[in-house]
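Structure file my_file.txt with compact mmCIF, C-alpha atoms and all ligand atoms:
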```
# COMPACT_ATOMS: atom_id res chain seq x y z
CA MET A 1 52.06 79.46 34.43
CA ARG A 2 50.87 82.41 32.33
CA VAL A 3 47.81 84.23 33.60
CA LEU A 4 44.91 85.05 31.28
CA LEU A 5 43.02 87.87 32.93
CA PRO A 6 39.64 88.66 31.35
CA LEU A 7 38.19 92.11 31.68
CA PRO A 8 34.40 92.04 32.34
CA GLY A 9 32.50 90.43 29.47
CA ASN A 10 35.54 88.52 28.21
CA GLU A 11 35.42 85.56 30.61
CA THR A 12 34.04 83.11 28.04
CA PHE A 13 36.70 83.98 25.50
CA ALA A 14 39.46 83.71 28.14
CA GLY A 15 38.11 80.27 29.08
CA ARG A 16 38.31 79.17 25.43
CA LEU A 17 41.89 80.43 25.23
CA ALA A 18 42.82 78.53 28.37
CA ARG A 19 41.24 75.32 27.08
CA ALA A 20 43.00 75.71 23.73
CA GLY A 21 46.44 76.63 25.02
CA GLY A 22 46.68 76.39 28.79
CA GLY A 23 47.19 79.18 31.30
CA GLU A 24 45.38 80.12 34.50
CA VAL A 25 42.28 82.25 34.08
CA GLY A 26 42.73 85.01 36.63
CA VAL A 27 40.03 86.74 38.61
CA LEU A 28 39.27 90.43 38.53
CA GLN A 29 36.65 92.35 40.44
CA ALA A 30 35.34 95.35 38.60
CA ARG A 31 32.50 97.67 39.44
CA GLN A 32 31.54 101.28 39.29
CA PHE A 33 31.22 103.70 42.16
CA PRO A 34 27.89 105.54 42.38
CA ASP A 35 29.48 108.49 40.57
CA GLY A 36 30.43 106.27 37.62
CA GLU A 37 34.16 105.99 38.31
CA SER A 38 35.71 102.53 38.00
CA TYR A 39 36.91 100.25 40.79
CA VAL A 40 39.11 97.26 39.97
CA ARG A 41 40.80 94.66 42.17
CA ILE A 42 42.91 91.74 40.98
CA GLU A 43 42.40 88.61 43.06
CA THR A 44 45.03 86.43 41.37
CA ASP A 45 48.67 86.29 42.47
CA VAL A 46 50.64 87.62 39.50
CA ALA A 47 54.04 88.28 41.12
CA GLY A 48 56.81 87.18 38.74
CA ARG A 49 54.30 86.06 36.11
CA ALA A 50 53.41 87.14 32.59
CA VAL A 51 49.82 88.28 32.23
CA ASP A 52 47.68 88.39 29.10
CA LEU A 53 44.76 90.73 29.56
CA VAL A 54 41.82 89.48 27.50
CA CYS A 55 39.62 92.30 26.32
CA GLY A 56 37.88 92.81 23.00
CA LEU A 57 37.65 96.48 22.12
CA ALA A 58 34.23 96.74 20.53
CA ARG A 59 33.37 99.31 23.22
CA PRO A 60 36.77 100.92 23.50
CA ASP A 61 35.82 104.04 25.45
CA PRO A 62 34.90 102.37 28.75
CA ALA A 63 37.31 99.46 28.18
CA PHE A 64 40.39 101.61 27.78
CA LEU A 65 40.39 103.22 31.24
CA ARG A 66 39.78 99.89 32.93
CA LEU A 67 42.66 98.37 30.99
CA ALA A 68 44.94 101.19 32.10
CA PHE A 69 43.96 100.78 35.76
CA VAL A 70 44.39 97.00 35.64
CA ALA A 71 47.72 97.09 33.78
CA ASP A 72 49.20 99.51 36.32
CA ALA A 73 47.91 97.44 39.23
CA LEU A 74 49.39 94.26 37.71
CA ARG A 75 52.82 95.88 37.46
CA ASP A 76 52.52 97.14 41.05
CA MET A 77 51.80 93.52 42.04
CA GLY A 78 54.97 92.27 40.31
CA ALA A 79 53.74 91.03 36.92
CA VAL A 80 56.75 90.75 34.63
CA GLU A 81 54.87 91.43 31.42
CA VAL A 82 51.39 92.72 30.63
CA ASN A 83 50.09 92.01 27.14
CA LEU A 84 46.69 92.49 25.62
CA ILE A 85 44.73 89.93 23.63
CA ALA A 86 42.06 91.98 21.86
CA PRO A 87 40.39 89.76 19.25
CA TYR A 88 38.67 92.90 17.97
CA LEU A 89 40.70 96.09 17.97
CA GLY A 90 38.59 99.23 17.96
CA TYR A 91 39.41 102.69 16.64
CA MET A 92 40.94 101.50 13.41
CA ARG A 93 38.60 103.06 10.88
CA GLN A 94 39.17 106.80 11.39
CA ASP A 95 42.70 106.56 10.06
CA ALA A 96 42.74 109.87 8.20
CA ARG A 97 41.29 113.36 8.50
CA PHE A 98 38.50 113.27 5.92
CA GLN A 99 37.23 116.74 6.85
CA ALA A 100 39.01 119.66 8.48
CA GLY A 101 39.02 119.47 12.25
CA GLU A 102 38.40 115.72 12.58
CA ALA A 103 40.43 113.75 15.09
CA ILE A 104 42.48 110.86 13.67
CA THR A 105 41.33 108.57 16.42
CA SER A 106 43.25 105.49 15.28
CA ARG A 107 46.52 107.33 15.87
CA THR A 108 45.62 108.73 19.29
CA PHE A 109 44.15 105.43 20.49
CA ALA A 110 47.26 103.54 19.36
CA ARG A 111 49.52 105.95 21.23
CA LEU A 112 47.47 105.63 24.42
CA LEU A 113 47.20 101.84 24.28
CA SER A 114 50.92 101.49 23.50
CA ALA A 115 51.62 103.26 26.79
CA VAL A 116 49.44 100.83 28.74
CA VAL A 117 50.46 97.32 27.60
CA ASP A 118 53.72 95.69 26.51
CA GLY A 119 52.36 93.85 23.48
CA LEU A 120 49.17 93.33 21.50
CA VAL A 121 47.60 90.33 19.80
CA THR A 122 44.62 90.90 17.55
CA VAL A 123 42.71 89.43 14.63
CA ASP A 124 42.11 91.22 11.34
CA PRO A 125 42.42 94.82 12.48
CA HIS A 126 40.89 97.16 9.92
CA LEU A 127 44.10 98.08 8.14
CA HIS A 128 43.39 100.39 5.27
CA ARG A 129 45.66 103.39 4.95
CA HIS A 130 48.16 101.83 7.40
CA PRO A 131 49.57 98.62 5.91
CA ALA A 132 50.47 97.17 9.34
CA LEU A 133 49.76 97.84 13.00
CA GLU A 134 53.43 98.54 13.56
CA GLY A 135 52.95 101.84 11.68
CA LEU A 136 50.56 102.95 14.39
CA TYR A 137 51.48 101.10 17.56
CA ALA A 138 54.77 101.53 19.41
CA ILE A 139 54.67 98.03 20.94
CA PRO A 140 55.15 94.55 19.42
CA CYS A 141 51.94 93.50 17.67
CA ARG A 142 50.88 90.06 16.50
CA THR A 143 48.28 90.37 13.74
CA LEU A 144 46.36 87.19 13.01
CA HIS A 145 44.05 86.50 10.09
CA ALA A 146 40.75 84.66 10.26
CA ALA A 147 40.50 84.08 6.49
CA PRO A 148 41.49 80.39 6.65
CA LEU A 149 38.86 79.79 9.33
CA LEU A 150 36.20 81.56 7.27
CA ALA A 151 37.20 79.45 4.27
CA ASP A 152 36.97 76.21 6.26
CA TRP A 153 33.51 77.18 7.50
CA ILE A 154 32.30 77.98 3.97
CA ARG A 155 33.72 74.74 2.58
CA ALA A 156 31.92 72.73 5.26
CA GLU A 157 28.59 74.57 5.17
CA VAL A 158 27.85 75.98 1.72
CA VAL A 159 27.25 74.00 -1.47
CA ALA A 160 28.60 75.59 -4.69
CA PRO A 161 29.59 78.93 -3.16
CA LEU A 162 30.51 82.11 -5.00
CA VAL A 163 32.71 84.14 -2.65
CA VAL A 164 31.85 87.84 -2.83
CA GLY A 165 33.75 90.78 -1.38
CA PRO A 166 31.63 93.92 -0.96
CA ASP A 167 34.43 96.41 -1.62
CA GLU A 168 37.89 96.80 -3.10
CA GLU A 169 39.52 96.65 0.35
CA SER A 170 38.31 93.10 0.73
CA ALA A 171 39.87 92.01 -2.59
CA GLN A 172 43.04 90.48 -1.18
CA TRP A 173 41.54 88.28 1.45
CA VAL A 174 38.43 87.41 -0.61
CA ALA A 175 40.77 85.87 -3.15
CA ALA A 176 42.63 83.95 -0.42
CA VAL A 177 39.36 82.63 1.05
CA ALA A 178 38.02 81.61 -2.37
CA ASP A 179 41.28 79.89 -3.18
CA ARG A 180 41.13 77.81 0.01
CA VAL A 181 37.44 77.01 -0.56
CA GLY A 182 38.11 76.10 -4.20
CA ALA A 183 35.39 78.49 -5.40
CA PRO A 184 35.25 81.48 -7.74
CA HIS A 185 35.19 84.99 -6.31
CA VAL A 186 34.12 88.49 -7.30
CA VAL A 187 34.66 91.88 -5.69
CA MET A 188 32.19 94.75 -5.74
CA THR A 189 32.93 98.44 -5.90
CA LYS A 190 31.63 100.39 -2.91
CA ARG A 191 30.94 104.05 -2.31
CA ARG A 192 30.13 105.13 1.22
CA LEU A 193 28.01 108.25 1.26
CA GLY A 194 27.58 108.44 5.04
CA ASP A 195 27.60 106.32 8.23
CA ARG A 196 24.40 104.65 7.08
CA GLU A 197 24.46 105.03 3.30
CA VAL A 198 26.35 102.73 1.01
CA ARG A 199 26.18 102.06 -2.74
CA VAL A 200 27.78 99.08 -4.44
CA GLU A 201 28.30 98.06 -8.03
CA LEU A 202 29.16 94.63 -9.30
CA PRO A 203 30.08 93.21 -12.67
CA ASP A 204 27.79 90.91 -14.62
CA LEU A 205 27.82 87.57 -12.78
CA GLY A 206 25.98 85.55 -15.41
CA ALA A 207 28.80 83.00 -15.52
CA HIS A 208 28.19 82.11 -11.85
CA ARG A 209 24.41 81.76 -11.91
CA GLY A 210 23.21 78.85 -9.77
CA ARG A 211 25.90 79.31 -7.16
CA ARG A 212 25.13 80.48 -3.61
CA PRO A 213 26.72 83.89 -3.00
CA VAL A 214 28.75 84.11 0.21
CA LEU A 215 29.45 87.69 1.26
CA ILE A 216 32.51 88.05 3.41
CA ASP A 217 33.59 91.19 5.24
CA ASP A 218 35.88 92.06 8.11
CA ILE A 219 33.30 94.18 9.94
CA ALA A 220 29.52 94.42 10.02
CA SER A 221 28.60 97.63 11.82
CA SER A 222 25.51 99.42 10.47
CA GLY A 223 24.99 96.40 8.19
CA ARG A 224 24.44 98.75 5.24
CA THR A 225 27.34 97.28 3.26
CA LEU A 226 25.97 93.74 3.49
CA VAL A 227 22.41 94.85 2.70
CA ALA A 228 23.51 96.87 -0.35
CA ALA A 229 25.59 93.92 -1.56
CA ALA A 230 22.72 91.48 -1.03
CA ASP A 231 20.37 93.78 -2.97
CA ALA A 232 22.82 94.04 -5.86
CA LEU A 233 23.06 90.24 -6.01
CA ARG A 234 19.28 89.87 -5.92
CA LEU A 235 18.96 92.26 -8.87
CA GLN A 236 21.13 89.86 -10.86
CA GLY A 237 18.84 86.96 -10.00
CA PHE A 238 20.87 85.32 -7.21
CA ALA A 239 19.46 83.64 -4.12
CA PRO A 240 19.89 85.53 -0.81
CA PRO A 241 23.53 85.35 0.24
CA VAL A 242 25.15 83.74 3.24
CA CYS A 243 27.15 86.37 5.17
CA VAL A 244 30.38 85.52 6.93
CA VAL A 245 31.98 88.33 8.93
CA VAL A 246 34.96 88.46 11.21
CA HIS A 247 33.81 91.17 13.63
CA ALA A 248 30.08 91.24 14.42
CA LEU A 249 29.60 94.78 15.73
CA PHE A 250 25.99 95.01 14.50
CA GLY A 251 24.91 98.32 16.05
CA GLU A 252 21.32 99.54 16.35
CA ASP A 253 18.96 97.52 14.10
CA ALA A 254 21.75 96.23 11.83
CA LEU A 255 21.24 92.55 12.51
CA ALA A 256 17.52 92.69 11.66
CA ARG A 257 18.24 94.58 8.43
CA VAL A 258 20.90 92.12 7.32
CA ALA A 259 18.83 89.12 8.37
CA ALA A 260 15.93 90.36 6.23
CA ALA A 261 18.15 90.54 3.13
CA THR A 262 20.19 87.37 3.52
CA GLU A 263 19.95 83.62 4.01
CA ARG A 264 22.22 83.18 7.03
CA ILE A 265 24.75 85.28 8.98
CA VAL A 266 27.73 83.87 10.85
CA SER A 267 30.67 85.53 12.57
CA THR A 268 33.77 84.73 14.55
CA ASP A 269 33.66 85.08 18.33
CA SER A 270 35.93 88.17 18.32
CA ILE A 271 32.85 89.98 19.64
CA PRO A 272 30.29 87.94 21.60
CA HIS A 273 27.21 87.83 19.39
CA GLU A 274 24.34 85.49 18.59
CA THR A 275 25.80 84.91 15.11
CA ASN A 276 29.12 83.52 16.43
CA ALA A 277 29.93 80.18 14.77
CA ILE A 278 33.67 80.37 14.07
CA TRP A 279 36.00 80.12 17.06
CA LEU A 280 39.23 82.10 17.23
CA ALA A 281 40.92 80.64 20.30
CA PRO A 282 42.93 77.99 18.36
CA LEU A 283 44.13 80.65 15.93
CA ILE A 284 45.27 82.92 18.76
CA VAL A 285 46.98 80.08 20.60
CA ASN A 286 48.62 78.42 17.61
CA GLY A 287 49.13 81.31 15.19
CA ALA A 288 48.29 80.88 11.51
CA ALA A 289 45.52 78.34 10.79
C1 LIG B 1 34.79 98.91 5.44
O1 LIG B 1 35.68 99.29 4.77
C2 LIG B 1 34.70 97.58 6.08
O2 LIG B 1 35.42 96.59 5.41
C3 LIG B 1 33.26 97.17 6.23
O3 LIG B 1 32.73 96.94 4.94
C4 LIG B 1 32.46 98.23 6.92
O4 LIG B 1 33.07 98.62 8.11
C5 LIG B 1 31.06 97.75 7.18
O5 LIG B 1 30.35 98.78 7.76
P1 LIG B 1 28.77 98.82 7.72
O6 LIG B 1 28.25 97.54 8.28
O7 LIG B 1 28.45 100.01 8.59
O8 LIG B 1 28.35 99.06 6.30
```
What is this structure when it is put down as structure tokens?
Ligand code: R5P
Amino acid sequence: MRVLLPLPGNETFAGRLARAGGGEVGVLQARQFPDGESYVRIETDVAGRAVDLVCGLARPDPAFLRLAFVADALRDMGAVEVNLIAPYLGYMRQDARFQAGEAITSRTFARLLSAVVDGLVTVDPHLHRHPALEGLYAIPCRTLHAAPLLADWIRAEVVAPLVVGPDEESAQWVAAVADRVGAPHVVMTKRRLGDREVRVELPDLGAHRGRRPVLIDDIASSGRTLVAAADALRLQGFAPPVCVVVHALFGEDALARVAAATERIVSTDSIPHETNAIWLAPLIVNGAA
């Protein structure tokens, strides 16, 4: 039987995967020495078995070294294959050198992770200038999409929705979500002026008045995109939007800011968060929804 081995903080998600698709949830001890270095010990017998490490990468800096230590130990113990299920894949947004001297972290991180695991499964990685993970990663990658799950949630929970994408990047999957919901959609134009400054523009939405706007985005990080989009909708006389995001990073005071500007916020469980309401385990186990 396949082993699902959660890194610390990923035990709940590994349990959901096991319930959805079978597999033994393995046991890992992890702690830090007083000097901050990591100690890991695998308690599950993995000899001759395939192992799926389960580790979201919302905090990729500390997670990466642990993953490397665990993957090497698993191979030393006779695991025949070591894959990574990372429902959120970090280091995808700095995919170009915007200013001289900047590191292109997505490229370096992909090279390092490709040397650690044999394969990668993830959900909606932030693909912008790279059309597919295969352009970055040197290992087989399975890229899953949560759009159908978001659509099913919207259809069940929101009356007369208007599906809204906050930027041009979201256009493709906003249309797919709206299509599955059976609702109209619009896409805003976004300009990011800094980590915490975002401006959006949207066309006249007079034809959709009376509908409940549903903002969908792949990532909520500073929350500035969602707040700017909610403000733009309010200026056109719409009720506060419902926000549906795939990856709920919500750093600093982002959740409070978004909550103040919107009706309701929900997310998938790619990152454990109080807004989680859409469960990814069936998608990861069964493939496309
Ligand atoms: C950007 O292109 C993404 O699709 C998200 O819109 C962005 O990462 C959200 O970031 P923030 O919450 O910091 O505005």
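Interatomic distance, CA of Arg234 (chain A) against CA of Ile265 (chain A): 16.5 Å.
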Find the residues with any atom within 8 Å of (35.5, 96.6, 9.5); use only C-alpha atoms and the coordinates as given in the file, and write the answer as a PyMOL selection string. chain A and resi 93+125-126+217-221+247
Taking all atoms listed in the file and a cut-off of 7 Å, can you tell me which residues surround ligand LIG 1 (chain B), written as a list in words? Pro166, Asp167, Glu169, Ser170, Asp195, Arg196, Val198, Asp217, Asp218, Ile219, Ala220, Ser221, Ser222, Gly223, Arg224, Thr225 and Leu226 of chain A
Would you write out those residues with C-alpha atoms, as a PDB file, in the frame of the given file?
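part_28.pdb was written with the following content:
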```
ATOM      1  CA  PRO A 166      31.630  93.920  -0.960  1.00  0.00           C
ATOM      2  CA  ASP A 167      34.430  96.410  -1.620  1.00  0.00           C
ATOM      3  CA  GLU A 169      39.520  96.650   0.350  1.00  0.00           C
ATOM      4  CA  SER A 170      38.310  93.100   0.730  1.00  0.00           C
ATOM      5  CA  ASP A 195      27.600 106.320   8.230  1.00  0.00           C
ATOM      6  CA  ARG A 196      24.400 104.650   7.080  1.00  0.00           C
ATOM      7  CA  VAL A 198      26.350 102.730   1.010  1.00  0.00           C
ATOM      8  CA  ASP A 217      33.590  91.190   5.240  1.00  0.00           C
ATOM      9  CA  ASP A 218      35.880  92.060   8.110  1.00  0.00           C
ATOM     10  CA  ILE A 219      33.300  94.180   9.940  1.00  0.00           C
ATOM     11  CA  ALA A 220      29.520  94.420  10.020  1.00  0.00           C
ATOM     12  CA  SER A 221      28.600  97.630  11.820  1.00  0.00           C
ATOM     13  CA  SER A 222      25.510  99.420  10.470  1.00  0.00           C
ATOM     14  CA  GLY A 223      24.990  96.400   8.190  1.00  0.00           C
ATOM     15  CA  ARG A 224      24.440  98.750   5.240  1.00  0.00           C
ATOM     16  CA  THR A 225      27.340  97.280   3.260  1.00  0.00           C
ATOM     17  CA  LEU A 226      25.970  93.740   3.490  1.00  0.00           C
TER      18      LEU A 226
END
```
List every protein, DNA or RNA residue that has at least one atom no more than 8 Å from (45.3, 82.9, 4.0) in the file's coordinates, counting only C-alpha atoms, and write the result as a count of residues only. 8
In Å, how far is it from CA of Ala20 (chain A) to CA of Asn286 (chain A)? 8.7 Å
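Distances here use all atoms listed in the file; by that measure, the residue among A:Ala68, A:Leu193, A:Leu74, A:Ile85 closest to Ala14 (chain A) is A:Ile85.
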Nearest to Pro213 (chain A) by atom-to-atom distance, counting all atoms listed in the file, from A:His185, A:Arg199, A:Arg192, A:Arg107: A:His185
Counting only C-alpha atoms, the residue of A:Ala86, A:Ala239, A:Cys141, A:Leu17 that sits nearest Leu162 (chain A): A:Ala239
Non-local contacts of Leu215 (chain A) (8 Å; all atoms listed in the file; under 3 positions in same chain excluded) as a VMD selection string: chain A and resid 163 to 166 226 229 241 to 244
Quick one: residues within 10 Å of region 32-49 of chain A, all atoms listed in the file counted, chain neighbours fewer than 2 positions away excluded, as a ChimeraX atom specification? /A:1-3,5,7,24-30,51-52,62,65-67,69-70,73-82
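For the choices A:Ala178, A:Val158, A:Ala259, A:Leu149, the atom-to-atom distance to Leu280 (chain A) is smallest for A:Leu149 when using only C-alpha atoms.
When CA of Pro87 (chain A) is paired with CA of Gly56 (chain A), their separation reads 5.4 Å.
Ranking A:Phe250, A:Ala71, A:Gly287, A:Val258 by their shortest atom-to-atom distance to Glu274 (chain A), with only C-alpha atoms included, puts A:Phe250 first.
Candidate residues A:Ala156, A:Ile139, A:Val187, A:Ala63 were compared for distance to Asn10 (chain A), and the nearest is A:Ala63, using only C-alpha atoms.
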Any idea what's packed within 10 Å of Pro272 (chain A), counting all atoms listed in the file, ignoring anything in its chain fewer than 2 positions away? Could you give it as JSON, numbers by chain? {"A": [9, 10, 12, 13, 56, 58, 247, 248, 249, 267, 268, 269, 270, 274, 275, 276]}
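Near Tyr137 (chain A), within 7 Å and counting only C-alpha atoms, sit Ala110, Arg111, Ser114, Leu133, Glu134, Gly135 and Ile139 of chain A, not including residues fewer than 2 positions from it in the same chain.
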First collect every listed atom of region 69-78 of chain A; then fit an axis-aligned box around them, widen it by 5 Å on each side, and give centre and edge lengths in Å to one decimal, as AutoDock Vina command-line options.
```
--center_x 49.5 --center_y 96.5 --center_z 37.9 --size_x 21.0 --size_y 18.5 --size_z 18.3
```
Just the residues within 7 Å of Arg142 (chain A), please, counting all atoms listed in the file, with nothing from its chain fewer than 2 positions along; format it as a ChimeraX atom specification. /A:120-122,140,144
Starting from the incomplete input, reconstruct all heavy atoms of region 35-46 of chain A and report them as an mmCIF file, keeping the file's coordinate frame.
```
data_model
loop_
_atom_site.group_PDB
_atom_site.id
_atom_site.type_symbol
_atom_site.label_atom_id
_atom_site.label_comp_id
_atom_site.auth_asym_id
_atom_site.auth_seq_id
_atom_site.Cartn_x
_atom_site.Cartn_y
_atom_site.Cartn_z
ATOM 1 N N ASP A 35 29.262 107.347 41.475
ATOM 2 C CA ASP A 35 29.480 108.490 40.570
ATOM 3 C C ASP A 35 29.951 108.071 39.180
ATOM 4 O O ASP A 35 30.249 108.903 38.325
ATOM 5 C CB ASP A 35 30.492 109.471 41.173
ATOM 6 C CG ASP A 35 31.864 108.838 41.408
ATOM 7 O OD1 ASP A 35 32.057 107.662 41.001
ATOM 8 O OD2 ASP A 35 32.743 109.497 41.989
ATOM 9 N N GLY A 36 30.066 106.757 38.956
ATOM 10 C CA GLY A 36 30.430 106.270 37.620
ATOM 11 C C GLY A 36 31.906 105.954 37.463
ATOM 12 O O GLY A 36 32.306 105.371 36.459
ATOM 13 N N GLU A 37 32.733 106.327 38.441
ATOM 14 C CA GLU A 37 34.160 105.990 38.310
ATOM 15 C C GLU A 37 34.358 104.483 38.514
ATOM 16 O O GLU A 37 33.546 103.810 39.130
ATOM 17 C CB GLU A 37 34.978 106.789 39.347
ATOM 18 C CG GLU A 37 35.025 108.272 39.014
ATOM 19 C CD GLU A 37 35.983 109.061 39.901
ATOM 20 O OE1 GLU A 37 36.621 108.457 40.801
ATOM 21 O OE2 GLU A 37 36.075 110.289 39.694
ATOM 22 N N SER A 38 35.477 103.982 37.982
ATOM 23 C CA SER A 38 35.710 102.530 38.000
ATOM 24 C C SER A 38 36.505 102.090 39.231
ATOM 25 O O SER A 38 37.419 102.787 39.673
ATOM 26 C CB SER A 38 36.501 102.122 36.763
ATOM 27 O OG SER A 38 35.702 102.257 35.622
ATOM 28 N N TYR A 39 36.147 100.915 39.730
ATOM 29 C CA TYR A 39 36.910 100.250 40.790
ATOM 30 C C TYR A 39 37.373 98.922 40.226
ATOM 31 O O TYR A 39 36.586 98.202 39.611
ATOM 32 C CB TYR A 39 36.008 100.007 41.996
ATOM 33 C CG TYR A 39 36.616 99.102 43.065
ATOM 34 C CD1 TYR A 39 37.344 99.629 44.128
ATOM 35 C CD2 TYR A 39 36.444 97.712 43.007
ATOM 36 C CE1 TYR A 39 37.890 98.804 45.096
ATOM 37 C CE2 TYR A 39 36.993 96.878 43.971
ATOM 38 C CZ TYR A 39 37.713 97.427 45.012
ATOM 39 O OH TYR A 39 38.258 96.606 45.962
ATOM 40 N N VAL A 40 38.662 98.600 40.368
ATOM 41 C CA VAL A 40 39.110 97.260 39.970
ATOM 42 C C VAL A 40 40.007 96.679 41.059
ATOM 43 O O VAL A 40 40.736 97.407 41.742
ATOM 44 C CB VAL A 40 39.885 97.265 38.616
ATOM 45 C CG1 VAL A 40 38.974 97.601 37.456
ATOM 46 C CG2 VAL A 40 41.080 98.189 38.629
ATOM 47 N N ARG A 41 39.948 95.365 41.207
ATOM 48 C CA ARG A 41 40.800 94.660 42.170
ATOM 49 C C ARG A 41 41.160 93.307 41.575
ATOM 50 O O ARG A 41 40.282 92.555 41.135
ATOM 51 C CB ARG A 41 40.055 94.477 43.486
ATOM 52 C CG ARG A 41 40.828 93.679 44.477
ATOM 53 C CD ARG A 41 40.249 93.763 45.885
ATOM 54 N NE ARG A 41 41.056 92.922 46.731
ATOM 55 C CZ ARG A 41 40.672 91.742 47.205
ATOM 56 N NH1 ARG A 41 39.456 91.298 46.969
ATOM 57 N NH2 ARG A 41 41.487 91.017 47.928
ATOM 58 N N ILE A 42 42.462 93.009 41.560
ATOM 59 C CA ILE A 42 42.910 91.740 40.980
ATOM 60 C C ILE A 42 43.046 90.728 42.118
ATOM 61 O O ILE A 42 43.747 90.994 43.111
ATOM 62 C CB ILE A 42 44.255 91.951 40.260
ATOM 63 C CG1 ILE A 42 44.031 92.913 39.077
ATOM 64 C CG2 ILE A 42 44.836 90.631 39.783
ATOM 65 C CD1 ILE A 42 45.153 93.862 38.856
ATOM 66 N N GLU A 43 42.403 89.583 41.964
ATOM 67 C CA GLU A 43 42.400 88.610 43.060
ATOM 68 C C GLU A 43 43.444 87.513 42.863
ATOM 69 O O GLU A 43 43.636 86.680 43.729
ATOM 70 C CB GLU A 43 41.011 87.976 43.186
ATOM 71 C CG GLU A 43 39.965 88.996 43.599
ATOM 72 C CD GLU A 43 38.618 88.361 43.904
ATOM 73 O OE1 GLU A 43 38.480 87.125 43.742
ATOM 74 O OE2 GLU A 43 37.711 89.112 44.286
ATOM 75 N N THR A 44 44.085 87.501 41.699
ATOM 76 C CA THR A 44 45.030 86.430 41.370
ATOM 77 C C THR A 44 46.450 86.887 41.675
ATOM 78 O O THR A 44 46.786 88.050 41.434
ATOM 79 C CB THR A 44 44.901 86.078 39.873
ATOM 80 O OG1 THR A 44 43.527 85.783 39.608
ATOM 81 C CG2 THR A 44 45.763 84.887 39.492
ATOM 82 N N ASP A 45 47.268 85.951 42.197
ATOM 83 C CA ASP A 45 48.670 86.290 42.470
ATOM 84 C C ASP A 45 49.437 86.332 41.141
ATOM 85 O O ASP A 45 49.545 85.317 40.454
ATOM 86 C CB ASP A 45 49.263 85.227 43.407
ATOM 87 C CG ASP A 45 50.725 85.522 43.704
ATOM 88 O OD1 ASP A 45 51.189 86.643 43.403
ATOM 89 O OD2 ASP A 45 51.412 84.609 44.224
ATOM 90 N N VAL A 46 49.965 87.492 40.803
ATOM 91 C CA VAL A 46 50.640 87.620 39.500
ATOM 92 C C VAL A 46 52.132 87.924 39.664
ATOM 93 O O VAL A 46 52.827 88.151 38.670
ATOM 94 C CB VAL A 46 49.985 88.729 38.634
ATOM 95 C CG1 VAL A 46 48.564 88.361 38.285
ATOM 96 C CG2 VAL A 46 50.052 90.086 39.315
#
```
